[in-house]
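Worksheet for the structure shown next.
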Amino acid sequence: MVIGSIAQAGGEITFLAMSSHYNKNTISSWSSGTGAAGLFGALSYLALKGWIGLTQQWALTVVTPLPLITLFW
């Protein structure tokens with residue numbers, strides 16, 4: 001967990017430094033996306049657990065493959 005967190009922070013810092021070479025909308029688009037990801041994650045878990053009634057294991061099983069979308073997008 002610690003190594004993953006350090007790697008993520010390093011990638012984020014690198015991205016922010018490199019984004020200064022691009023259009024000014026780059027950083028605002030990135031920050032909007034990260035905010036939407038947190039909101040989407042919380043709402044999807046609420047929907048799967050609370051409204052649909054899945055167990056925690058099934059709710060996490062349903063959302064686990066979703067990051068693969070970014071790989072193929």
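Residues in the structure tokens are numbered from 1 in each chain, the chains being A, B, ... in the order shown, and ligands are numbered from 1 in the order shown.
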
* Asked: Could you name the residues that touch region 53-69 of chain A at 12 Å or less, counting only C-alpha atoms, but leaving out those on the same chain fewer than 4 positions away, as an NGL selection string?
  -> :A and (37 or 40-49 or 73)

Using N, CA and C atoms, can you export the residues from the last selection as an mmCIF file, in the first residue's frame?
data_model
loop_
_atom_site.group_PDB
_atom_site.id
_atom_site.type_symbol
_atom_site.label_atom_id
_atom_site.label_comp_id
_atom_site.auth_asym_id
_atom_site.auth_seq_id
_atom_site.Cartn_x
_atom_site.Cartn_y
_atom_site.Cartn_z
ATOM 1 N N ALA A 37 -14.086 11.362 -10.333
ATOM 2 C CA ALA A 37 -13.795 9.962 -10.022
ATOM 3 C C ALA A 37 -14.166 9.643 -8.578
ATOM 4 N N PHE A 40 -18.005 9.631 -8.429
ATOM 5 C CA PHE A 40 -18.555 8.466 -9.112
ATOM 6 C C PHE A 40 -18.325 7.194 -8.301
ATOM 7 N N GLY A 41 -17.138 7.068 -7.707
ATOM 8 C CA GLY A 41 -16.832 5.883 -6.909
ATOM 9 C C GLY A 41 -17.766 5.748 -5.715
ATOM 10 N N ALA A 42 -17.965 6.841 -5.014
ATOM 11 C CA ALA A 42 -18.839 6.813 -3.843
ATOM 12 C C ALA A 42 -20.293 6.533 -4.231
ATOM 13 N N LEU A 43 -20.751 7.177 -5.281
ATOM 14 C CA LEU A 43 -22.146 6.968 -5.702
ATOM 15 C C LEU A 43 -22.384 5.573 -6.271
ATOM 16 N N SER A 44 -21.406 5.040 -6.990
ATOM 17 C CA SER A 44 -21.593 3.694 -7.534
ATOM 18 C C SER A 44 -21.635 2.659 -6.418
ATOM 19 N N TYR A 45 -20.803 2.837 -5.396
ATOM 20 C CA TYR A 45 -20.830 1.916 -4.259
ATOM 21 C C TYR A 45 -22.159 2.037 -3.514
ATOM 22 N N LEU A 46 -22.630 3.258 -3.327
ATOM 23 C CA LEU A 46 -23.927 3.471 -2.681
ATOM 24 C C LEU A 46 -25.046 2.804 -3.470
ATOM 25 N N ALA A 47 -25.013 2.970 -4.791
ATOM 26 C CA ALA A 47 -26.054 2.378 -5.630
ATOM 27 C C ALA A 47 -26.027 0.853 -5.570
ATOM 28 N N LEU A 48 -24.833 0.278 -5.681
ATOM 29 C CA LEU A 48 -24.738 -1.178 -5.687
ATOM 30 C C LEU A 48 -25.073 -1.791 -4.337
ATOM 31 N N LYS A 49 -24.604 -1.190 -3.254
ATOM 32 C CA LYS A 49 -24.852 -1.735 -1.916
ATOM 33 C C LYS A 49 -26.219 -1.341 -1.379
ATOM 34 N N TRP A 73 -9.644 3.064 -23.701
ATOM 35 C CA TRP A 73 -10.322 4.286 -24.147
ATOM 36 C C TRP A 73 -9.396 5.068 -24.953
#

* To do: Output as a ChimeraX atom specification all residues of region 1-72 of chain A that backbone DSSP marks as helix (DSSP H, G or I).
  => /A:2-21,25-51,56-63,68-72

* Asked: Interatomic distance between CA of Ser28 (chain A) and CA of Ile13 (chain A)?
  ->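 Computing it gives 15.1 Å between the two atoms.
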
* Gap from CA of Ala9 (chain A) to CA of Phe72 (chain A) - Å, one decimal -> 23.4 Å

* To do: Show which residues sit within 12 Å of Leu16 (chain A), as a PyMOL selection string. Count only C-alpha atoms, and ignore same-chain residues fewer than 2 positions away.
  => chain A and resi 9-14+18-22+24+26-31

Prev. selection, N, CA, C and O atoms, output as a PDB file, in the first residue's frame:
ATOM      1  N   ALA A   9       1.897   9.205  -6.066  1.00  0.00           N
ATOM      2  CA  ALA A   9       2.285  10.592  -5.800  1.00  0.00           C
ATOM      3  C   ALA A   9       3.378  11.048  -6.756  1.00  0.00           C
ATOM      4  O   ALA A   9       3.352  12.178  -7.248  1.00  0.00           O
ATOM      5  N   GLY A  10       4.336  10.161  -7.032  1.00  0.00           N
ATOM      6  CA  GLY A  10       5.388  10.503  -7.987  1.00  0.00           C
ATOM      7  C   GLY A  10       4.842  10.741  -9.381  1.00  0.00           C
ATOM      8  O   GLY A  10       5.257  11.671 -10.080  1.00  0.00           O
ATOM      9  N   GLY A  11       3.893   9.918  -9.794  1.00  0.00           N
ATOM     10  CA  GLY A  11       3.267  10.103 -11.107  1.00  0.00           C
ATOM     11  C   GLY A  11       2.478  11.392 -11.173  1.00  0.00           C
ATOM     12  O   GLY A  11       2.489  12.100 -12.189  1.00  0.00           O
ATOM     13  N   GLU A  12       1.786  11.712 -10.092  1.00  0.00           N
ATOM     14  CA  GLU A  12       0.997  12.944 -10.062  1.00  0.00           C
ATOM     15  C   GLU A  12       1.892  14.176 -10.138  1.00  0.00           C
ATOM     16  O   GLU A  12       1.614  15.120 -10.884  1.00  0.00           O
ATOM     17  N   ILE A  13       2.973  14.164  -9.388  1.00  0.00           N
ATOM     18  CA  ILE A  13       3.903  15.301  -9.411  1.00  0.00           C
ATOM     19  C   ILE A  13       4.512  15.463 -10.800  1.00  0.00           C
ATOM     20  O   ILE A  13       4.639  16.572 -11.321  1.00  0.00           O
ATOM     21  N   THR A  14       4.877  14.339 -11.409  1.00  0.00           N
ATOM     22  CA  THR A  14       5.453  14.380 -12.752  1.00  0.00           C
ATOM     23  C   THR A  14       4.450  14.938 -13.747  1.00  0.00           C
ATOM     24  O   THR A  14       4.782  15.776 -14.586  1.00  0.00           O
ATOM     25  N   MET A  18       4.820  18.386 -15.956  1.00  0.00           N
ATOM     26  CA  MET A  18       4.807  18.336 -17.425  1.00  0.00           C
ATOM     27  C   MET A  18       3.624  19.086 -18.020  1.00  0.00           C
ATOM     28  O   MET A  18       3.684  19.543 -19.153  1.00  0.00           O
ATOM     29  N   SER A  19       2.538  19.219 -17.243  1.00  0.00           N
ATOM     30  CA  SER A  19       1.360  19.895 -17.781  1.00  0.00           C
ATOM     31  C   SER A  19       1.607  21.386 -18.025  1.00  0.00           C
ATOM     32  O   SER A  19       0.835  22.025 -18.739  1.00  0.00           O
ATOM     33  N   SER A  20       2.661  21.933 -17.473  1.00  0.00           N
ATOM     34  CA  SER A  20       2.961  23.351 -17.713  1.00  0.00           C
ATOM     35  C   SER A  20       3.360  23.598 -19.170  1.00  0.00           C
ATOM     36  O   SER A  20       3.342  24.735 -19.621  1.00  0.00           O
ATOM     37  N   HIS A  21       3.699  22.550 -19.891  1.00  0.00           N
ATOM     38  CA  HIS A  21       4.078  22.684 -21.296  1.00  0.00           C
ATOM     39  C   HIS A  21       2.876  22.633 -22.242  1.00  0.00           C
ATOM     40  O   HIS A  21       3.035  22.790 -23.435  1.00  0.00           O
ATOM     41  N   TYR A  22       1.691  22.387 -21.689  1.00  0.00           N
ATOM     42  CA  TYR A  22       0.495  22.238 -22.508  1.00  0.00           C
ATOM     43  C   TYR A  22      -0.468  23.400 -22.272  1.00  0.00           C
ATOM     44  O   TYR A  22      -0.203  24.304 -21.482  1.00  0.00           O
ATOM     45  N   LYS A  24      -3.470  25.685 -20.940  1.00  0.00           N
ATOM     46  CA  LYS A  24      -3.851  25.919 -19.542  1.00  0.00           C
ATOM     47  C   LYS A  24      -5.074  25.100 -19.125  1.00  0.00           C
ATOM     48  O   LYS A  24      -5.303  24.874 -17.939  1.00  0.00           O
ATOM     49  N   THR A  26      -5.423  22.013 -19.524  1.00  0.00           N
ATOM     50  CA  THR A  26      -4.995  20.663 -19.177  1.00  0.00           C
ATOM     51  C   THR A  26      -5.157  20.400 -17.692  1.00  0.00           C
ATOM     52  O   THR A  26      -5.734  19.393 -17.293  1.00  0.00           O
ATOM     53  N   ILE A  27      -4.677  21.285 -16.864  1.00  0.00           N
ATOM     54  CA  ILE A  27      -4.732  21.065 -15.419  1.00  0.00           C
ATOM     55  C   ILE A  27      -6.156  21.146 -14.893  1.00  0.00           C
ATOM     56  O   ILE A  27      -6.539  20.392 -14.004  1.00  0.00           O
ATOM     57  N   SER A  28      -6.972  22.022 -15.450  1.00  0.00           N
ATOM     58  CA  SER A  28      -8.361  22.097 -14.985  1.00  0.00           C
ATOM     59  C   SER A  28      -9.150  20.868 -15.406  1.00  0.00           C
ATOM     60  O   SER A  28      -9.994  20.381 -14.651  1.00  0.00           O
ATOM     61  N   SER A  29      -8.867  20.332 -16.560  1.00  0.00           N
ATOM     62  CA  SER A  29      -9.524  19.094 -16.988  1.00  0.00           C
ATOM     63  C   SER A  29      -9.111  17.929 -16.107  1.00  0.00           C
ATOM     64  O   SER A  29      -9.940  17.102 -15.713  1.00  0.00           O
ATOM     65  N   TRP A  30      -7.829  17.871 -15.772  1.00  0.00           N
ATOM     66  CA  TRP A  30      -7.331  16.800 -14.915  1.00  0.00           C
ATOM     67  C   TRP A  30      -7.979  16.878 -13.532  1.00  0.00           C
ATOM     68  O   TRP A  30      -8.440  15.876 -12.996  1.00  0.00           O
ATOM     69  N   SER A  31      -8.029  18.069 -12.954  1.00  0.00           N
ATOM     70  CA  SER A  31      -8.594  18.188 -11.609  1.00  0.00           C
ATOM     71  C   SER A  31     -10.094  17.913 -11.608  1.00  0.00           C
ATOM     72  O   SER A  31     -10.619  17.332 -10.660  1.00  0.00           O
TER      73      SER A  31
END

* Structure fact -> From CA of Ile6 (chain A) to CA of Asn23 (chain A) the spacing works out at 27.3 Å
